[in-house]
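Next comes entry-v7.csv, with CSV, C-alpha atoms and all ligand atoms.
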chain,number,residue,atom,x,y,z
A,1,MET,CA,45.3,9.2,35.7
A,2,SER,CA,48.3,7.0,35.2
A,3,LYS,CA,50.9,9.7,34.6
A,4,ILE,CA,51.3,12.7,36.9
A,5,LEU,CA,53.7,15.6,36.9
A,6,PHE,CA,54.4,17.3,40.2
A,7,VAL,CA,55.5,20.9,39.7
A,8,ILE,CA,57.3,21.7,43.0
A,9,ASN,CA,58.2,25.3,44.1
A,10,PRO,CA,61.2,24.7,46.4
A,11,ILE,CA,60.9,28.1,48.1
A,12,SER,CA,57.2,28.5,48.5
A,13,GLY,CA,55.8,29.1,52.0
A,14,ASP,CA,59.3,28.6,53.6
A,15,ARG,CA,58.3,25.0,53.8
A,16,ASP,CA,60.8,22.2,53.3
A,17,LYS,CA,59.7,20.2,50.4
A,18,GLU,CA,61.5,17.0,51.4
A,19,ASP,CA,58.4,15.8,53.3
A,20,TYR,CA,56.3,16.5,50.3
A,21,ILE,CA,58.6,14.5,48.0
A,22,HIS,CA,58.6,11.6,50.4
A,23,GLU,CA,54.8,11.5,50.7
A,24,ILE,CA,54.3,11.9,46.9
A,25,ASP,CA,56.7,9.0,46.2
A,26,SER,CA,55.0,6.5,48.6
A,27,TRP,CA,51.5,7.6,47.5
A,28,GLY,CA,52.4,7.1,43.8
A,29,GLU,CA,54.0,3.7,44.6
A,30,SER,CA,51.0,2.5,46.6
A,31,LEU,CA,48.6,3.4,43.7
A,32,GLY,CA,51.0,2.2,40.9
A,33,LEU,CA,51.2,5.6,39.3
A,34,SER,CA,53.9,6.9,37.0
A,35,ILE,CA,55.2,10.0,38.8
A,36,GLU,CA,57.5,12.7,37.5
A,37,LYS,CA,58.7,15.8,39.4
A,38,TRP,CA,60.0,19.1,38.2
A,39,GLU,CA,61.2,22.0,40.4
A,40,THR,CA,60.4,25.6,39.4
A,41,THR,CA,63.4,27.9,39.1
A,42,GLY,CA,61.9,31.4,39.5
A,43,GLU,CA,63.1,32.3,36.0
A,44,ASP,CA,61.3,31.8,32.8
A,45,ASP,CA,59.3,29.0,34.4
A,46,GLU,CA,56.3,29.2,32.0
A,47,LYS,CA,58.5,28.5,29.0
A,48,LYS,CA,60.4,25.7,30.8
A,49,LEU,CA,57.2,24.1,32.1
A,50,LYS,CA,55.7,24.0,28.6
A,51,LYS,CA,58.7,22.0,27.5
A,52,VAL,CA,58.6,19.7,30.5
A,53,ILE,CA,54.9,19.0,29.8
A,54,ALA,CA,55.5,18.5,26.1
A,55,ASP,CA,58.2,15.9,26.9
A,56,ALA,CA,56.4,14.1,29.7
A,57,GLN,CA,52.9,14.1,28.3
A,58,PRO,CA,51.2,13.8,31.8
A,59,GLU,CA,47.5,13.4,32.2
A,60,THR,CA,47.6,15.4,35.4
A,61,VAL,CA,49.8,18.3,36.6
A,62,VAL,CA,49.9,19.0,40.3
A,63,ALA,CA,51.1,22.4,41.6
A,64,VAL,CA,53.1,22.0,44.8
A,65,GLY,CA,53.4,25.5,46.2
A,66,GLY,CA,51.3,28.6,46.8
A,67,ASP,CA,48.8,30.5,44.5
A,68,GLY,CA,51.7,31.7,42.3
A,69,THR,CA,52.6,28.1,41.5
A,70,VAL,CA,49.0,27.2,40.9
A,71,MET,CA,48.7,30.2,38.5
A,72,LEU,CA,51.9,29.2,36.6
A,73,CYS,CA,50.5,25.7,36.0
A,74,ALA,CA,47.0,27.0,35.2
A,75,GLU,CA,48.4,29.2,32.5
A,76,VAL,CA,50.3,26.3,30.9
A,77,VAL,CA,47.5,23.7,31.0
A,78,LYS,CA,44.5,25.9,30.2
A,79,ASP,CA,42.7,24.9,27.0
A,80,THR,CA,44.1,21.4,27.1
A,81,ASP,CA,42.9,18.0,28.5
A,82,VAL,CA,45.5,18.0,31.2
A,83,ALA,CA,43.9,18.2,34.7
A,84,LEU,CA,45.4,20.5,37.3
A,85,GLY,CA,45.6,19.4,41.0
A,86,ILE,CA,46.8,21.4,44.0
A,87,LEU,CA,49.0,20.3,46.8
A,88,PRO,CA,49.1,23.3,49.0
A,89,GLY,CA,52.6,24.3,50.0
A,90,GLY,CA,52.7,28.1,50.0
A,91,SER,CA,52.1,31.0,52.3
A,92,ALA,CA,48.9,31.7,50.5
A,93,ASN,CA,46.7,28.9,49.1
A,94,GLY,CA,43.4,30.7,48.4
A,95,MET,CA,42.5,28.6,45.4
A,96,ALA,CA,43.0,25.3,47.3
A,97,THR,CA,40.8,26.6,50.2
A,98,GLU,CA,38.2,27.7,47.8
A,99,VAL,CA,37.8,24.3,46.0
A,100,GLU,CA,37.9,22.3,49.3
A,101,VAL,CA,41.4,20.9,48.9
A,102,PRO,CA,42.8,20.2,52.5
A,103,ASP,CA,46.0,21.9,53.6
A,104,ASP,CA,47.7,18.6,54.8
A,105,ILE,CA,49.7,16.6,52.3
A,106,ARG,CA,47.9,13.3,52.6
A,107,GLY,CA,44.4,14.9,52.5
A,108,ALA,CA,45.4,16.8,49.3
A,109,LEU,CA,46.8,13.7,47.7
A,110,ALA,CA,43.6,11.8,48.5
A,111,VAL,CA,41.6,14.6,46.7
A,112,ILE,CA,43.9,14.2,43.6
A,113,ALA,CA,43.4,10.4,43.7
A,114,GLN,CA,39.6,10.9,43.5
A,115,GLU,CA,40.0,12.9,40.3
A,116,LYS,CA,36.8,14.9,40.7
A,117,THR,CA,37.1,17.8,38.3
A,118,VAL,CA,35.2,21.0,37.3
A,119,MET,CA,35.8,23.1,34.2
A,120,ALA,CA,37.0,26.3,35.8
A,121,ASP,CA,36.8,29.8,34.4
A,122,MET,CA,39.9,32.0,34.3
A,123,LEU,CA,40.0,35.8,34.1
A,124,LEU,CA,41.8,37.9,31.6
A,125,PHE,CA,43.0,41.3,32.7
A,126,ASN,CA,43.7,44.1,30.2
A,127,GLY,CA,43.8,41.5,27.4
A,128,LYS,CA,47.1,40.1,28.6
A,129,ASP,CA,47.4,38.9,32.3
A,130,TYR,CA,45.6,35.8,33.6
A,131,GLY,CA,44.0,35.5,37.0
A,132,LEU,CA,42.3,32.5,38.6
A,133,HIS,CA,41.3,33.6,42.1
A,134,ILE,CA,40.8,37.2,43.3
A,135,SER,CA,42.3,40.4,42.1
A,136,ASP,CA,41.6,44.0,43.1
A,137,VAL,CA,42.3,47.7,42.8
A,138,GLY,CA,42.5,50.0,45.8
A,139,LEU,CA,42.9,49.2,49.5
A,140,ASN,CA,43.9,45.5,49.4
A,141,ALA,CA,46.2,46.0,46.4
A,142,GLY,CA,47.9,48.8,48.3
A,143,LEU,CA,48.5,46.4,51.2
A,144,VAL,CA,49.9,43.8,48.9
A,145,LYS,CA,52.3,46.4,47.5
A,146,ASP,CA,53.4,47.7,50.9
A,147,PHE,CA,54.0,44.1,52.0
A,148,GLU,CA,56.1,43.3,48.9
A,149,GLU,CA,58.1,46.5,49.2
A,150,GLY,CA,58.5,46.4,53.0
A,151,GLU,CA,61.5,45.1,54.7
A,152,ARG,CA,59.6,43.4,57.4
A,153,ARG,CA,58.1,40.0,56.6
A,154,GLY,CA,55.5,38.0,58.5
A,155,PHE,CA,52.8,39.4,60.8
A,156,LEU,CA,54.7,42.6,61.8
A,157,GLY,CA,55.3,43.6,58.2
A,158,TYR,CA,51.6,43.0,57.4
A,159,ALA,CA,50.5,45.0,60.5
A,160,SER,CA,52.7,48.0,59.7
A,161,GLY,CA,51.3,47.9,56.1
A,162,VAL,CA,47.7,47.9,57.4
A,163,ALA,CA,48.5,50.8,59.7
A,164,SER,CA,49.9,52.9,56.9
A,165,GLN,CA,47.0,52.1,54.6
A,166,LEU,CA,44.5,53.0,57.3
A,167,LEU,CA,46.2,56.3,58.1
A,168,ASN,CA,46.1,57.3,54.4
A,169,LEU,CA,42.6,56.0,53.8
A,170,LYS,CA,40.7,57.7,50.9
A,171,THR,CA,37.8,56.6,48.7
A,172,PHE,CA,38.1,56.8,44.9
A,173,ARG,CA,35.6,57.2,42.1
A,174,ALA,CA,35.0,54.6,39.4
A,175,GLU,CA,32.8,54.0,36.4
A,176,LEU,CA,32.0,50.3,35.9
A,177,VAL,CA,30.9,49.3,32.4
A,178,LEU,CA,29.2,45.9,33.1
A,179,ASP,CA,27.4,43.5,30.8
A,180,ASP,CA,24.0,45.1,31.2
A,181,GLN,CA,24.6,48.4,32.9
A,182,ILE,CA,27.0,51.3,33.5
A,183,VAL,CA,27.3,52.4,37.2
A,184,GLU,CA,29.2,55.1,39.0
A,185,GLU,CA,30.7,53.9,42.3
A,186,GLN,CA,32.8,55.5,45.1
A,187,GLY,CA,34.7,53.3,47.5
A,188,HIS,CA,37.9,51.9,48.9
A,189,MET,CA,38.4,48.9,46.8
A,190,ILE,CA,37.0,47.0,43.8
A,191,ALA,CA,37.7,43.2,43.7
A,192,PHE,CA,37.3,40.9,40.7
A,193,ALA,CA,36.4,37.5,42.2
A,194,ASN,CA,36.3,34.1,40.5
A,195,ALA,CA,35.9,32.6,43.9
A,196,ARG,CA,33.9,33.3,47.1
A,197,ARG,CA,36.7,34.2,49.5
A,198,TYR,CA,40.3,35.5,49.8
A,199,GLY,CA,43.0,33.1,51.1
A,200,THR,CA,42.7,35.0,54.4
A,201,GLY,CA,39.2,33.7,54.7
A,202,ALA,CA,37.3,37.0,54.1
A,203,ILE,CA,34.2,36.2,52.0
A,204,LEU,CA,33.2,38.5,49.1
A,205,SER,CA,30.1,36.9,47.7
A,206,ASN,CA,27.7,34.1,48.7
A,207,GLN,CA,27.2,32.5,45.3
A,208,GLY,CA,30.5,32.8,43.4
A,209,ARG,CA,31.9,29.6,41.9
A,210,VAL,CA,35.0,29.0,39.8
A,211,ASP,CA,32.9,27.2,37.1
A,212,ASP,CA,29.8,29.4,36.8
A,213,GLY,CA,30.9,31.3,33.6
A,214,VAL,CA,30.7,34.7,35.4
A,215,PHE,CA,32.7,36.6,38.0
A,216,GLU,CA,31.8,38.9,40.9
A,217,VAL,CA,32.7,42.6,41.0
A,218,TYR,CA,32.8,43.5,44.7
A,219,VAL,CA,32.8,47.2,45.6
A,220,LEU,CA,33.7,48.1,49.2
A,221,ARG,CA,32.0,51.5,49.5
A,222,GLU,CA,32.6,52.1,53.2
A,223,LEU,CA,34.7,50.6,55.9
A,224,SER,CA,32.1,49.0,58.1
A,225,LEU,CA,34.1,47.3,60.8
A,226,PRO,CA,31.3,45.0,62.0
A,227,GLY,CA,30.5,44.1,58.4
A,228,LEU,CA,34.1,43.4,57.5
A,229,ALA,CA,34.6,41.4,60.7
A,230,GLY,CA,31.6,39.3,59.7
A,231,GLN,CA,33.2,38.7,56.3
A,232,PHE,CA,36.1,37.0,58.0
A,233,PHE,CA,33.6,34.7,59.8
A,234,ASP,CA,31.7,33.6,56.6
A,235,HIS,CA,28.9,36.0,57.1
A,236,LEU,CA,27.9,38.3,54.2
A,237,ASP,CA,24.5,39.9,54.0
A,238,GLU,CA,24.2,41.0,50.4
A,239,ALA,CA,21.4,43.5,51.4
A,240,ASP,CA,24.0,45.6,53.4
A,241,SER,CA,24.8,48.9,51.7
A,242,TYR,CA,28.5,49.3,52.7
A,243,PHE,CA,29.4,47.1,49.7
A,244,GLU,CA,27.9,46.0,46.4
A,245,VAL,CA,28.3,42.9,44.3
A,246,TYR,CA,27.7,42.8,40.6
A,247,ARG,CA,27.8,39.6,38.5
A,248,THR,CA,29.1,39.9,35.0
A,249,LYS,CA,31.2,38.3,32.2
A,250,LYS,CA,33.1,41.4,31.4
A,251,VAL,CA,33.8,44.8,33.0
A,252,THR,CA,35.7,47.9,32.2
A,253,VAL,CA,36.7,50.0,35.2
A,254,ASN,CA,37.5,53.6,34.5
A,255,LEU,CA,39.1,55.4,37.4
A,256,LYS,CA,39.5,59.1,37.9
A,257,ASP,CA,42.9,58.6,39.6
A,258,PRO,CA,45.3,55.7,39.2
A,259,GLN,CA,45.0,53.1,42.0
A,260,PRO,CA,47.1,50.2,43.2
A,261,PHE,CA,46.3,47.0,41.3
A,262,GLN,CA,47.1,43.3,42.1
A,263,ILE,CA,46.3,40.1,40.3
A,264,ASP,CA,46.1,36.9,42.5
A,265,GLY,CA,48.6,38.5,44.9
A,266,GLU,CA,51.0,39.9,42.4
A,267,THR,CA,51.4,43.7,42.1
A,268,LYS,CA,50.8,45.3,38.7
A,269,PRO,CA,51.4,48.9,37.6
A,270,GLU,CA,48.8,51.4,38.8
A,271,SER,CA,46.5,52.6,36.1
A,272,THR,CA,43.3,54.5,35.4
A,273,LYS,CA,41.7,51.7,33.4
A,274,VAL,CA,41.3,48.0,34.1
A,275,THR,CA,39.4,45.6,31.8
A,276,VAL,CA,38.4,42.1,33.0
A,277,GLU,CA,36.7,39.3,31.0
A,278,VAL,CA,35.9,35.8,31.9
A,279,LEU,CA,37.5,32.9,29.9
A,280,PRO,CA,34.7,30.4,30.6
A,281,LYS,CA,35.4,26.7,31.4
A,282,CYS,CA,39.0,26.7,30.1
A,283,LEU,CA,40.7,24.8,33.0
A,284,LYS,CA,40.2,21.2,34.1
A,285,LEU,CA,40.6,21.7,37.8
A,286,ILE,CA,40.7,18.9,40.5
A,287,VAL,CA,38.4,19.8,43.4
A,288,GLY,CA,37.5,18.3,46.8
A,289,ALA,CA,34.6,16.0,47.1
A,290,ASP,CA,32.4,18.7,48.7
A,291,TYR,CA,32.9,21.4,46.1
B,301,LIG,N1,63.5,28.0,42.6
B,301,LIG,C1,63.0,29.2,42.9
B,301,LIG,N2,63.8,30.2,43.4
B,301,LIG,C2,63.3,31.4,43.7
B,301,LIG,N3,62.1,31.8,43.5
B,301,LIG,C3,61.2,30.9,42.9
B,301,LIG,C4,61.6,29.5,42.6
B,301,LIG,N4,60.6,28.9,42.1
B,301,LIG,C5,59.6,29.7,42.1
B,301,LIG,N5,59.9,30.9,42.6
B,301,LIG,C6,59.0,32.1,42.8
B,301,LIG,O1,58.0,31.8,43.7
B,301,LIG,C7,56.9,32.6,43.5
B,301,LIG,C8,55.6,31.9,43.7
B,301,LIG,O2,55.4,31.4,45.0
B,301,LIG,P1,54.0,30.8,45.5
B,301,LIG,O3,53.0,31.8,45.3
B,301,LIG,O4,53.8,29.5,44.8
B,301,LIG,O5,54.3,30.5,47.0
B,301,LIG,P2,54.1,31.5,48.2
B,301,LIG,O6,54.9,30.9,49.4
B,301,LIG,O7,52.6,31.6,48.5
B,301,LIG,O8,54.7,32.8,47.7
B,301,LIG,P3,54.5,34.3,48.2
B,301,LIG,O9,54.2,34.3,49.7
B,301,LIG,O10,55.9,34.9,47.9
B,301,LIG,O11,53.4,34.8,47.3
B,301,LIG,C9,57.1,33.2,42.2
B,301,LIG,O12,57.4,34.6,42.3
B,301,LIG,C10,58.2,32.5,41.6
B,301,LIG,O13,59.0,33.3,40.7

Translate the structure of the given file into structure tokens.
Amino acid sequence: MSKILFVINPISGDRDKEDYIHEIDSWGESLGLSIEKWETTGEDDEKKLKKVIADAQPETVVAVGGDGTVMLCAEVVKDTDVALGILPGGSANGMATEVEVPDDIRGALAVIAQEKTVMADMLLFNGKDYGLHISDVGLNAGLVKDFEEGERRGFLGYASGVASQLLNLKTFRAELVLDDQIVEEQGHMIAFANARRYGTGAILSNQGRVDDGVFEVYVLRELSLPGLAGQFFDHLDEADSYFEVYRTKKVTVNLKDPQPFQIDGETKPESTKVTVEVLPKCLKLIVGADY
């Protein structure tokens, strides 16, 4: 790992990136690394990043930002030998948490220096959109949409979104065409998880890994408050019936009525059909020593 490109999102997480740049420079100098930095612009970044990588030819690209910045870098370096590291600097860093990358700058740089990698899977939605972490239709996607559209930011904005979603709570019906079975489900939400937990900490499956060649389809059938509370404290009993987890390489979800839909925190148009397939082992991802 002699040449590293840091892709820095200057606005992510409302965190000043000067500290990051200072730490990156002194870390690179102490290890004798060749470091390049590039700031995202918010416009056409995928195309711009491809060119920056083609010119710089780094062995490692490090995303400095939130899940959106990680996703941008993942899309560009997938199916190449370039490794992807994460230096968490966003308001949501679900993928970093999942693969045991610490939230502090020095801890995350130490993980990058160790160069432990896994070949991570990615998910392909409707044949065109990529996902890396957790996406869903229904309740949570409705919350993400309300939050994006709401004028209030921060906790109050989130809380008012939760209140409005809970007041309008309805289950919906879905047919799931999985690898080995077709099932009918009714519930509040269907999540497609390449990881065990959301960035908020809620756990969705006990066994999911980013490099296992499958993903989990989590169906929340009922709002069990004790069950959901447990999920925020790392407790999930897969024998409970308020939810179901299916493992698969591909699923088509046919919905009776269109539902809110989000991919890795980004709202997508509502629709009555969502297809998801795993793209196995396409991303060389740097993970923490304990992952
Ligand atoms: N220079 C820039 N100016 C404005 N927006 C930018 C810039 N660079 C990247 N962005 C936007 O930042 C978003 C990604 O942010 P990211 O997920 O990394 O951090 P975040 O703080 O977790 O973000 P959020 O909470 O908004 O999801 C993308 O929508 C991208 O277009």

Report, in Å with one decimal, the straight-line distance from atom CA of A:Asp44 to atom N4 of ligand LIG 301 (chain B).
9.8 Å

Do you know which residues are within 8 Å of ligand LIG 301 (chain B) using all atoms listed in the file? Can you write them as a list in words?
Ile8, Asn9, Pro10, Ile11, Ser12, Gly13, Asp14, Glu39, Thr40, Thr41, Gly42, Glu43, Asp45, Val64, Gly65, Gly66, Asp67, Gly68, Thr69, Val70, Gly89, Gly90, Ser91, Ala92, Asn93, Gly265 and Glu266 of chain A

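The space between atom CA of A:Val214 and atom CA of A:Gly187 spans 22.5 Å.
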
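Picture a line from atom CA of A:Phe243 to atom CA of A:Gly227; it runs 9.3 Å.
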
Taking (36.3, 52.3, 41.6) in the file's coordinates, which residues come within 12 Å, counting all atoms listed in the file, written as a ChimeraX atom specification?
/A:136-139,170-177,183-192,217-221,243-244,251-261,271-274

With only C-alpha atoms as the atoms that count, which of A:Asp179, A:Lys128, A:Asn140, A:Glu98 lies nearest to A:Arg209?
A:Glu98

Skipping near chain neighbours, those fewer than 4 positions away, what residues fall within 7 Å of A:Lys281 using only C-alpha atoms, listed as a ChimeraX atom specification?
/A:119-121,211,213

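With only C-alpha atoms as the atoms that count, the residue of A:Glu277, A:Asp264, A:Asp237, A:Glu222 with the shortest distance to A:Lys249 is A:Glu277.
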
A:Ile105: which residues within 8 Å, counting only C-alpha atoms, same-chain residues fewer than 3 positions away excluded, as an MDAnalysis selection string?
chainID A and resid 20 23 87:88 102 108:109

Give me, as number ranges by chain, all polymer residues having an atom no more than 12 Å from A:Lys284, counting only C-alpha atoms and skipping those fewer than 2 positions away in the same chain.
A: 59-62, 73-86, 115-122, 210-211, 280-282, 286-287

For C-alpha atoms, I'd like the residues from the last selection saved as a PDB file, in the coordinates of the input.
ATOM      1  CA  GLU A  59      47.500  13.400  32.200  1.00  0.00           C
ATOM      2  CA  THR A  60      47.600  15.400  35.400  1.00  0.00           C
ATOM      3  CA  VAL A  61      49.800  18.300  36.600  1.00  0.00           C
ATOM      4  CA  VAL A  62      49.900  19.000  40.300  1.00  0.00           C
ATOM      5  CA  CYS A  73      50.500  25.700  36.000  1.00  0.00           C
ATOM      6  CA  ALA A  74      47.000  27.000  35.200  1.00  0.00           C
ATOM      7  CA  GLU A  75      48.400  29.200  32.500  1.00  0.00           C
ATOM      8  CA  VAL A  76      50.300  26.300  30.900  1.00  0.00           C
ATOM      9  CA  VAL A  77      47.500  23.700  31.000  1.00  0.00           C
ATOM     10  CA  LYS A  78      44.500  25.900  30.200  1.00  0.00           C
ATOM     11  CA  ASP A  79      42.700  24.900  27.000  1.00  0.00           C
ATOM     12  CA  THR A  80      44.100  21.400  27.100  1.00  0.00           C
ATOM     13  CA  ASP A  81      42.900  18.000  28.500  1.00  0.00           C
ATOM     14  CA  VAL A  82      45.500  18.000  31.200  1.00  0.00           C
ATOM     15  CA  ALA A  83      43.900  18.200  34.700  1.00  0.00           C
ATOM     16  CA  LEU A  84      45.400  20.500  37.300  1.00  0.00           C
ATOM     17  CA  GLY A  85      45.600  19.400  41.000  1.00  0.00           C
ATOM     18  CA  ILE A  86      46.800  21.400  44.000  1.00  0.00           C
ATOM     19  CA  GLU A 115      40.000  12.900  40.300  1.00  0.00           C
ATOM     20  CA  LYS A 116      36.800  14.900  40.700  1.00  0.00           C
ATOM     21  CA  THR A 117      37.100  17.800  38.300  1.00  0.00           C
ATOM     22  CA  VAL A 118      35.200  21.000  37.300  1.00  0.00           C
ATOM     23  CA  MET A 119      35.800  23.100  34.200  1.00  0.00           C
ATOM     24  CA  ALA A 120      37.000  26.300  35.800  1.00  0.00           C
ATOM     25  CA  ASP A 121      36.800  29.800  34.400  1.00  0.00           C
ATOM     26  CA  MET A 122      39.900  32.000  34.300  1.00  0.00           C
ATOM     27  CA  VAL A 210      35.000  29.000  39.800  1.00  0.00           C
ATOM     28  CA  ASP A 211      32.900  27.200  37.100  1.00  0.00           C
ATOM     29  CA  PRO A 280      34.700  30.400  30.600  1.00  0.00           C
ATOM     30  CA  LYS A 281      35.400  26.700  31.400  1.00  0.00           C
ATOM     31  CA  CYS A 282      39.000  26.700  30.100  1.00  0.00           C
ATOM     32  CA  ILE A 286      40.700  18.900  40.500  1.00  0.00           C
ATOM     33  CA  VAL A 287      38.400  19.800  43.400  1.00  0.00           C
TER      34      VAL A 287
END
